[in-house]
$ cat work-v4.txt   # compact mmCIF, C-alpha atoms
# COMPACT_ATOMS: atom_id res chain seq x y z
CA MET A 117 -89.52 55.47 -140.30
CA GLU A 118 -87.13 54.24 -143.01
CA GLU A 119 -83.76 55.92 -143.71
CA LYS A 120 -84.84 56.66 -147.29
CA GLU A 121 -87.83 58.64 -146.04
CA LEU A 122 -85.59 60.60 -143.67
CA ASN A 123 -83.21 61.50 -146.51
CA GLU A 124 -86.09 62.91 -148.59
CA ILE A 125 -87.44 65.21 -145.86
CA VAL A 126 -84.89 67.99 -146.39
CA VAL A 127 -83.41 68.64 -149.86
CA ILE A 128 -81.16 71.60 -150.83
CA LYS A 129 -81.70 72.77 -154.41
CA GLN A 130 -79.99 76.18 -154.54
CA LEU A 131 -76.32 75.12 -154.47
CA PRO A 132 -76.14 73.56 -157.97
CA VAL A 133 -77.54 76.81 -159.44
CA ILE A 134 -74.97 78.92 -157.62
CA GLU A 135 -72.20 76.59 -158.72
CA GLN A 136 -73.24 76.91 -162.37
CA GLN A 137 -73.12 80.72 -162.21
CA LEU A 138 -69.69 80.63 -160.55
CA LYS A 139 -68.34 78.55 -163.40
CA VAL A 140 -69.41 81.24 -165.84
CA ILE A 141 -67.84 83.94 -163.71
CA SER A 142 -64.67 81.84 -163.35
CA ASP A 143 -64.11 81.91 -167.11
CA GLU A 144 -64.35 85.72 -167.17
CA VAL A 145 -61.97 85.99 -164.17
CA ASP A 146 -59.45 83.74 -165.94
CA LYS A 147 -59.48 86.07 -168.96
CA GLU A 148 -58.91 89.19 -166.83
CA ILE A 149 -56.10 87.50 -164.88
CA SER A 150 -54.46 86.22 -168.07
CA TYR A 151 -54.52 89.71 -169.58
CA ALA A 152 -53.11 91.37 -166.42
CA LEU A 153 -50.29 88.85 -166.09
CA SER A 154 -49.40 89.16 -169.78
CA LEU A 155 -48.56 92.85 -169.39
CA GLU A 156 -44.88 93.71 -169.27
CA CYS A 157 -44.16 95.76 -166.19
CA ASN A 158 -41.79 98.68 -166.80
CA GLU A 159 -41.77 102.45 -166.33
CA GLU A 160 -43.87 103.06 -169.42
CA SER A 161 -46.48 100.32 -168.76
CA LYS A 162 -46.57 100.71 -164.97
CA ASN A 163 -49.87 102.66 -164.97
CA GLU A 164 -51.52 100.12 -167.25
CA VAL A 165 -50.43 97.29 -164.92
CA LYS A 166 -51.79 99.26 -161.96
CA ASN A 167 -55.13 99.69 -163.75
CA ALA A 168 -55.29 95.96 -164.54
CA ARG A 169 -54.54 95.14 -160.88
CA ALA A 170 -57.16 97.61 -159.69
CA LYS A 171 -59.74 96.04 -162.01
CA LEU A 172 -58.97 92.58 -160.60
CA ASN A 173 -59.32 93.90 -157.05
CA LYS A 174 -62.62 95.53 -157.99
CA ILE A 175 -63.89 92.21 -159.34
CA LYS A 176 -62.67 90.49 -156.18
CA THR A 177 -64.42 93.00 -153.93
CA ALA A 178 -67.68 92.69 -155.87
CA LEU A 179 -67.57 88.90 -155.74
CA GLU A 180 -66.70 88.91 -152.00
CA ASP A 181 -69.68 91.13 -151.32
CA LYS A 182 -71.82 88.75 -153.32
CA ARG A 183 -70.39 85.77 -151.45
CA LYS A 184 -71.23 87.35 -148.09
CA TYR A 185 -74.73 88.08 -149.33
CA VAL A 186 -75.18 84.48 -150.50
CA LYS A 187 -73.86 83.19 -147.17
CA SER A 188 -76.28 85.36 -145.26
CA ALA A 189 -79.14 84.32 -147.55
CA ILE A 190 -78.28 80.65 -147.02
CA GLU A 191 -77.71 80.92 -143.26
CA GLU A 192 -80.97 82.72 -142.52
CA PRO A 193 -83.28 79.94 -143.74
CA TYR A 194 -80.97 77.39 -142.12
CA LYS A 195 -81.31 79.11 -138.75
CA LYS A 196 -85.08 78.98 -139.07
CA PHE A 197 -84.89 75.36 -140.17
CA GLU A 198 -82.64 74.52 -137.18
CA GLU A 199 -85.02 76.14 -134.68
CA ILE A 200 -87.97 74.21 -136.08
CA TYR A 201 -85.92 71.00 -136.26
CA ASN A 202 -84.76 71.32 -132.64
CA ASP A 203 -88.26 72.08 -131.38
CA LEU A 204 -90.14 69.45 -133.33
CA VAL A 205 -87.59 66.63 -133.55
CA LYS A 206 -84.17 66.86 -131.87
CA ASN A 207 -85.28 67.93 -128.40
CA LYS A 208 -87.93 65.22 -128.32
CA LEU A 209 -85.42 62.59 -129.32
CA ASN A 210 -82.90 63.81 -126.70
CA GLU A 211 -85.50 63.72 -123.94
CA ALA A 212 -86.60 60.25 -124.96
CA ASP A 213 -82.97 59.06 -125.05
CA THR A 214 -82.33 60.47 -121.55
CA THR A 215 -85.43 58.80 -120.14
CA LEU A 216 -84.61 55.46 -121.75
CA LYS A 217 -81.00 55.67 -120.56
CA GLU A 218 -82.16 56.26 -116.97
CA ARG A 219 -84.46 53.25 -117.17
CA ILE A 220 -81.71 51.05 -118.62
CA ASP A 221 -79.19 52.28 -116.00
CA THR A 222 -81.65 51.44 -113.23
CA ILE A 223 -82.04 47.89 -114.51
CA GLU A 224 -78.29 47.40 -115.09
CA ASN A 225 -77.35 48.84 -111.70
CA THR A 226 -79.79 46.43 -110.07
CA GLN A 227 -78.27 43.56 -112.04
CA LYS A 228 -74.73 44.55 -111.00
CA GLN A 229 -75.82 44.97 -107.39
CA GLU A 230 -77.34 41.49 -107.35
CA LYS A 231 -74.16 40.10 -108.90
CA GLU A 232 -72.03 41.88 -106.30
CA GLU A 233 -74.14 40.55 -103.40
CA GLU A 234 -73.73 37.01 -104.70
CA LEU A 235 -69.97 37.50 -104.98
CA ARG A 236 -69.74 38.99 -101.47
CA GLU A 237 -71.44 35.91 -100.04
CA PHE A 238 -69.08 33.67 -102.00
CA VAL A 239 -66.02 35.57 -100.76
CA GLU A 240 -67.18 35.47 -97.15
CA GLU A 241 -67.78 31.70 -97.29
CA HIS A 242 -64.46 31.01 -99.02
CA CYS A 243 -62.56 33.16 -96.50
CA LYS A 244 -64.14 31.24 -93.63
CA ALA A 245 -63.15 27.96 -95.27
CA ASN A 246 -59.53 29.18 -95.38
CA ASN A 247 -59.72 30.68 -91.87
CA ILE A 248 -58.79 34.20 -93.03
CA HIS A 249 -60.49 37.57 -93.52
CA ILE A 250 -60.16 39.81 -96.58
CA ASP A 251 -62.14 42.97 -97.26
CA PHE A 252 -64.19 42.39 -100.40
CA ASP A 253 -63.02 45.62 -102.08
CA ARG A 254 -59.35 44.62 -101.73
CA ILE A 255 -59.85 41.69 -104.10
CA GLY A 256 -60.34 44.18 -106.95
CA LEU A 257 -63.09 42.44 -108.90
CA ASN A 258 -64.29 44.38 -111.96
CA ILE A 259 -68.02 43.69 -111.74
CA THR A 260 -69.56 44.48 -115.11
CA LEU A 261 -72.63 43.17 -116.90
CA SER A 262 -70.50 41.33 -119.44
CA ALA A 263 -68.38 39.57 -116.81
CA SER A 264 -69.83 36.23 -115.81
CA VAL A 265 -70.38 35.38 -112.15
CA LYS A 266 -68.46 32.15 -112.67
CA SER A 267 -65.32 33.93 -113.90
CA LEU A 268 -65.52 36.52 -111.11
CA LYS A 269 -65.87 33.77 -108.49
CA GLU A 270 -62.84 32.03 -109.97
CA GLN A 271 -60.83 35.26 -109.70
CA ALA A 272 -61.93 35.73 -106.08
CA LYS A 273 -61.12 32.10 -105.21
CA THR A 274 -57.62 32.37 -106.72
CA PHE A 275 -56.95 35.58 -104.81
CA ILE A 276 -58.18 34.19 -101.46
CA GLU A 277 -56.17 30.99 -101.79
CA LYS A 278 -53.07 33.01 -102.68
CA VAL A 279 -53.46 35.12 -99.53
CA ALA A 280 -54.06 32.02 -97.39
CA SER A 281 -50.94 30.37 -98.79
CA GLU A 282 -48.79 33.45 -98.22
CA LEU A 283 -50.03 33.84 -94.64
CA LYS A 284 -48.83 30.30 -93.91
CA LEU A 285 -45.42 31.18 -95.35
CA ILE A 286 -45.26 34.28 -93.20
CA GLU A 287 -45.87 32.22 -90.05
CA GLN A 288 -42.61 30.38 -90.74
CA GLU A 289 -40.54 33.54 -91.25
CA GLU A 290 -38.02 34.77 -88.68
CA TYR A 291 -39.66 38.18 -88.43
CA SER A 292 -43.21 36.91 -88.90
CA ASN A 293 -44.98 39.63 -86.90
CA GLU A 294 -43.25 42.43 -88.76
CA ILE A 295 -43.76 40.82 -92.15
CA LEU A 296 -47.42 40.21 -91.33
CA TYR A 297 -47.90 43.87 -90.47
CA GLU A 298 -46.34 45.00 -93.76
CA TYR A 299 -48.25 42.34 -95.68
CA ASN A 300 -51.58 43.56 -94.35
CA GLN A 301 -50.84 46.95 -95.87
CA THR A 302 -50.31 45.72 -99.44
CA LEU A 303 -51.12 41.99 -99.60
CA ASP A 304 -47.79 41.63 -101.40
CA TYR A 305 -45.70 38.90 -99.75
CA ILE A 306 -42.42 39.53 -101.59
CA GLN A 307 -42.59 43.27 -101.01
CA ALA A 308 -43.42 42.86 -97.32
CA LYS A 309 -40.63 40.35 -96.70
CA THR A 310 -38.06 42.40 -98.60
CA LYS A 311 -38.96 45.54 -96.67
CA VAL A 312 -38.54 43.83 -93.28
CA ILE A 313 -35.25 42.15 -94.26
CA GLU A 314 -33.83 45.45 -95.49
CA ARG A 315 -34.93 47.11 -92.26
CA HIS A 316 -33.12 44.50 -90.16
CA LYS A 317 -30.01 44.82 -92.31
CA GLU A 318 -29.95 48.52 -91.49
CA LEU A 319 -30.55 47.82 -87.79
CA ASN A 320 -27.75 45.22 -87.72
CA GLN A 321 -25.42 47.68 -89.43
CA ILE A 322 -26.24 50.31 -86.82
CA LYS A 323 -25.75 47.76 -84.03
CA LYS A 324 -22.41 46.72 -85.50
CA GLN A 325 -21.26 50.32 -85.67
CA GLN A 326 -22.30 50.85 -82.05
CA GLU A 327 -20.45 47.70 -80.95
CA GLU A 328 -17.31 48.80 -82.81
CA LYS A 329 -17.54 52.20 -81.17
CA GLN A 330 -18.03 50.60 -77.77
CA GLU A 331 -15.04 48.32 -78.36
CA ILE A 332 -12.86 51.30 -79.22
CA GLU A 333 -13.97 53.09 -76.09
CA GLN A 334 -13.21 50.01 -74.00
CA GLN A 335 -9.76 49.77 -75.55
CA GLU A 336 -9.12 53.42 -74.78
CA GLU A 337 -10.18 52.85 -71.18
CA LYS A 338 -7.78 49.90 -70.90
CA ILE A 339 -4.94 52.02 -72.27
CA ILE A 340 -5.70 54.72 -69.75
CA GLU A 341 -5.76 52.14 -66.95
CA LYS A 342 -2.37 50.81 -68.05
CA VAL A 343 -0.97 54.31 -68.19
CA ASP A 344 -2.26 54.96 -64.69
CA GLU A 345 -0.74 51.70 -63.49
CA ALA A 346 2.63 52.57 -65.04
CA ILE A 347 2.55 55.97 -63.37
CA GLU A 348 1.75 54.41 -60.02
CA ILE A 349 4.67 51.97 -60.36
CA THR A 350 7.21 54.57 -61.51
CA VAL A 351 6.34 57.45 -59.22
CA PRO A 352 6.75 57.25 -55.42
CA LYS A 353 3.45 57.36 -53.60
CA GLU A 354 4.45 60.38 -51.47
CA ILE A 355 4.64 62.65 -54.58
CA VAL A 356 1.75 61.28 -56.63
CA GLU A 357 -0.49 64.22 -55.83
CA GLU A 358 2.23 66.68 -56.82
CA LEU A 359 2.91 64.83 -60.05
CA ASP A 360 -0.75 64.94 -60.97
CA ASN A 361 -0.41 68.66 -61.55
CA THR A 362 3.29 68.90 -62.53
CA PRO A 363 4.54 67.98 -66.02
CA SER A 364 7.09 65.18 -65.79
CA ILE A 365 8.78 62.67 -68.05
CA TYR A 366 7.69 59.02 -67.77
CA GLN A 367 8.81 55.96 -69.62
CA PHE A 368 6.64 52.90 -69.96
CA GLU A 369 6.00 50.06 -72.36
CA VAL A 370 2.71 49.51 -74.09
CA LYS A 371 1.60 46.28 -75.74
CA ALA A 372 -1.08 47.09 -78.30
CA THR A 373 -2.05 46.88 -81.95
CA LYS A 374 -1.24 49.61 -84.46
CA THR A 375 -4.82 50.80 -84.29
CA GLN A 376 -4.69 50.99 -80.50
CA ILE A 377 -1.35 52.87 -80.59
CA LYS A 378 -2.90 55.42 -82.99
CA GLN A 379 -5.86 55.79 -80.65
CA LEU A 380 -3.47 56.25 -77.67
CA ILE A 381 -1.55 58.93 -79.55
CA GLU A 382 -4.77 60.74 -80.44
CA TYR A 383 -5.86 60.56 -76.82
CA MET A 384 -2.52 62.00 -75.60
CA LYS A 385 -2.83 64.79 -78.15
CA GLU A 386 -6.23 65.67 -76.77
CA LEU A 387 -4.75 65.84 -73.23
CA GLY A 388 -1.82 67.94 -74.42
CA VAL A 389 0.73 65.28 -73.44
CA GLU A 390 4.12 65.58 -75.13
CA TYR A 391 5.62 62.31 -76.30
CA LYS A 392 8.53 60.95 -78.35

$ encode --input "work-v4.txt" --output "structure tokens"
Amino acid sequence: MEEKELNEIVVIKQLPVIEQQLKVISDEVDKEISYALSLECNEESKNEVKNARAKLNKIKTALEDKRKYVKSAIEEPYKKFEEIYNDLVKNKLNEADTTLKERIDTIENTQKQEKEEELREFVEEHCKANNIHIDFDRIGLNITLSASVKSLKEQAKTFIEKVASELKLIEQEEYSNEILYEYNQTLDYIQAKTKVIERHKELNQIKKQQEEKQEIEQQEEKIIEKVDEAIEITVPKEIVEELDNTPSIYQFEVKATKTQIKQLIEYMKELGVEYK
């Protein structure tokens, strides 16, 4: 069926007639509006202006009623036309389109499935050749009807060789096992390596802090030992036990850094020892 034949099936003839009548009415409305607006509005002419306005509103109401009638008269045959059109034409075309779409989808899905199976075999063979394993879905191939098998294979090959190359680099890394674990999560070599290095930086920082703390504790222990030694030298042995519980004044020399002296002072403060 030609487009010209379709255009001649339904023709609307009423609208030009209605438009012609409205043009005639429009001229009369212009006259009434011109007269109403020409009136001078003051106390004496107020009633005349009101009458002119009321006449315009009356014309408007009458025309609105007519418009609603025309709309209803136009819509009613259209509704009937639409029902017949849907039943005899549109619904049939929609059903045919749905059926044809299902048939086309079945064929295209089969074509894409066959293309995917071929690509899966290619990926498996290429992974074996590179002595690695990659899940097919992780390659991220966009298998469409328009994409050629050749281009998709090239994408898969590039991806597999990239992974194989990065795995060899990982084997040479200091923290290879950790980097390999992270890499298997994302297949992103730079991200995996960076994450592991940052982790070890944090661990080394913690270890350093622990070592510094341990060193301070050892220094404090040495200071305490020296204090004990000084006490033992200064105080006679027969009154050591008594001195342990009796406040006394002792003089001794300490050889230490400023930091150690500060730590010694803090320690004596904690014990409640008075010093000068």

$ axis_aligned_box --input "work-v4.txt" --around "range 319-333 of chain A" --padding-each-side "3 Å" --output "AutoDock Vina command-line options"
--center_x -21.7 --center_y 49.2 --center_z -82.8 --size_x 23.7 --size_y 13.9 --size_z 19.3

$ closest_residue --input "work-v4.txt" --among "A:Ile381, A:Ile223, A:Ile322, A:Leu283" --to "Asp304 in chain A" --atoms "all atoms listed in the file"
A:Leu283

$ residues_around --input "work-v4.txt" --residues "range 227-230 of chain A" --least-positions-apart "2" --cutoff "7 Å" --atoms "all atoms listed in the file" --output "list of chain:residue names"
A:Ile223, A:Glu224, A:Asn225, A:Glu232, A:Glu233, A:Glu234, A:Ile259, A:Thr260, A:Leu261

$ atom_distance --input "work-v4.txt" --atom1 "CA of Tyr383 in chain A" --atom2 "CA of Glu336 in chain A"
8.1 Å

$ atom_distance --input "work-v4.txt" --atom1 "CA of Glu148 in chain A" --atom2 "CA of Lys171 in chain A"
8.4 Å

$ atom_distance --input "work-v4.txt" --atom1 "CA of Glu290 in chain A" --atom2 "CA of Val312 in chain A"
10.2 Å

$ residues_around --input "work-v4.txt" --residues "range 295-300 of chain A" --least-positions-apart "5" --cutoff "12 Å" --atoms "all atoms listed in the file" --output "VMD selection string"
chain A and resid 248 to 251 254 279 to 280 282 to 290 305 to 316

$ write_last_selection --input "work-v4.txt" --atoms "C-alpha atoms" --output "PDB file, in the coordinates of the input"
ATOM      1  CA  ILE A 248     -58.790  34.200 -93.030  1.00  0.00           C
ATOM      2  CA  HIS A 249     -60.490  37.570 -93.520  1.00  0.00           C
ATOM      3  CA  ILE A 250     -60.160  39.810 -96.580  1.00  0.00           C
ATOM      4  CA  ASP A 251     -62.140  42.970 -97.260  1.00  0.00           C
ATOM      5  CA  ARG A 254     -59.350  44.620-101.730  1.00  0.00           C
ATOM      6  CA  VAL A 279     -53.460  35.120 -99.530  1.00  0.00           C
ATOM      7  CA  ALA A 280     -54.060  32.020 -97.390  1.00  0.00           C
ATOM      8  CA  GLU A 282     -48.790  33.450 -98.220  1.00  0.00           C
ATOM      9  CA  LEU A 283     -50.030  33.840 -94.640  1.00  0.00           C
ATOM     10  CA  LYS A 284     -48.830  30.300 -93.910  1.00  0.00           C
ATOM     11  CA  LEU A 285     -45.420  31.180 -95.350  1.00  0.00           C
ATOM     12  CA  ILE A 286     -45.260  34.280 -93.200  1.00  0.00           C
ATOM     13  CA  GLU A 287     -45.870  32.220 -90.050  1.00  0.00           C
ATOM     14  CA  GLN A 288     -42.610  30.380 -90.740  1.00  0.00           C
ATOM     15  CA  GLU A 289     -40.540  33.540 -91.250  1.00  0.00           C
ATOM     16  CA  GLU A 290     -38.020  34.770 -88.680  1.00  0.00           C
ATOM     17  CA  TYR A 305     -45.700  38.900 -99.750  1.00  0.00           C
ATOM     18  CA  ILE A 306     -42.420  39.530-101.590  1.00  0.00           C
ATOM     19  CA  GLN A 307     -42.590  43.270-101.010  1.00  0.00           C
ATOM     20  CA  ALA A 308     -43.420  42.860 -97.320  1.00  0.00           C
ATOM     21  CA  LYS A 309     -40.630  40.350 -96.700  1.00  0.00           C
ATOM     22  CA  THR A 310     -38.060  42.400 -98.600  1.00  0.00           C
ATOM     23  CA  LYS A 311     -38.960  45.540 -96.670  1.00  0.00           C
ATOM     24  CA  VAL A 312     -38.540  43.830 -93.280  1.00  0.00           C
ATOM     25  CA  ILE A 313     -35.250  42.150 -94.260  1.00  0.00           C
ATOM     26  CA  GLU A 314     -33.830  45.450 -95.490  1.00  0.00           C
ATOM     27  CA  ARG A 315     -34.930  47.110 -92.260  1.00  0.00           C
ATOM     28  CA  HIS A 316     -33.120  44.500 -90.160  1.00  0.00           C
TER      29      HIS A 316
END

$ closest_residue --input "work-v4.txt" --among "A:Lys244, A:Ser154, A:Arg169, A:Ile175" --to "Ser142 in chain A" --atoms "all atoms listed in the file"
A:Ile175

$ closest_atom_pairs --input "work-v4.txt" --of "range 204-226 of chain A" --to "range 181-199 of chain A" --cutoff "12 Å" --atoms "all atoms listed in the file" --output "Markdown table"
| residue | atom | partner | partner_atom | distance |
| --- | --- | --- | --- | --- |
| A:Leu204 | CA | A:Glu199 | CA | 8.5 |
| A:Val205 | CA | A:Glu199 | CA | 9.9 |
| A:Lys206 | CA | A:Glu198 | CA | 9.4 |
| A:Asn207 | CA | A:Glu199 | CA | 10.3 |

$ residues_around --input "work-v4.txt" --residues "Leu380 in chain A" --least-positions-apart "6" --cutoff "12 Å" --atoms "only C-alpha atoms" --output "number ranges by chain"
A: 332-333, 335-343, 370-374, 386-387, 389, 391

$ closest_residue --input "work-v4.txt" --among "A:Leu138, A:Val265, A:Leu319, A:Ile149" --to "Ala170 in chain A" --atoms "only C-alpha atoms"
A:Ile149
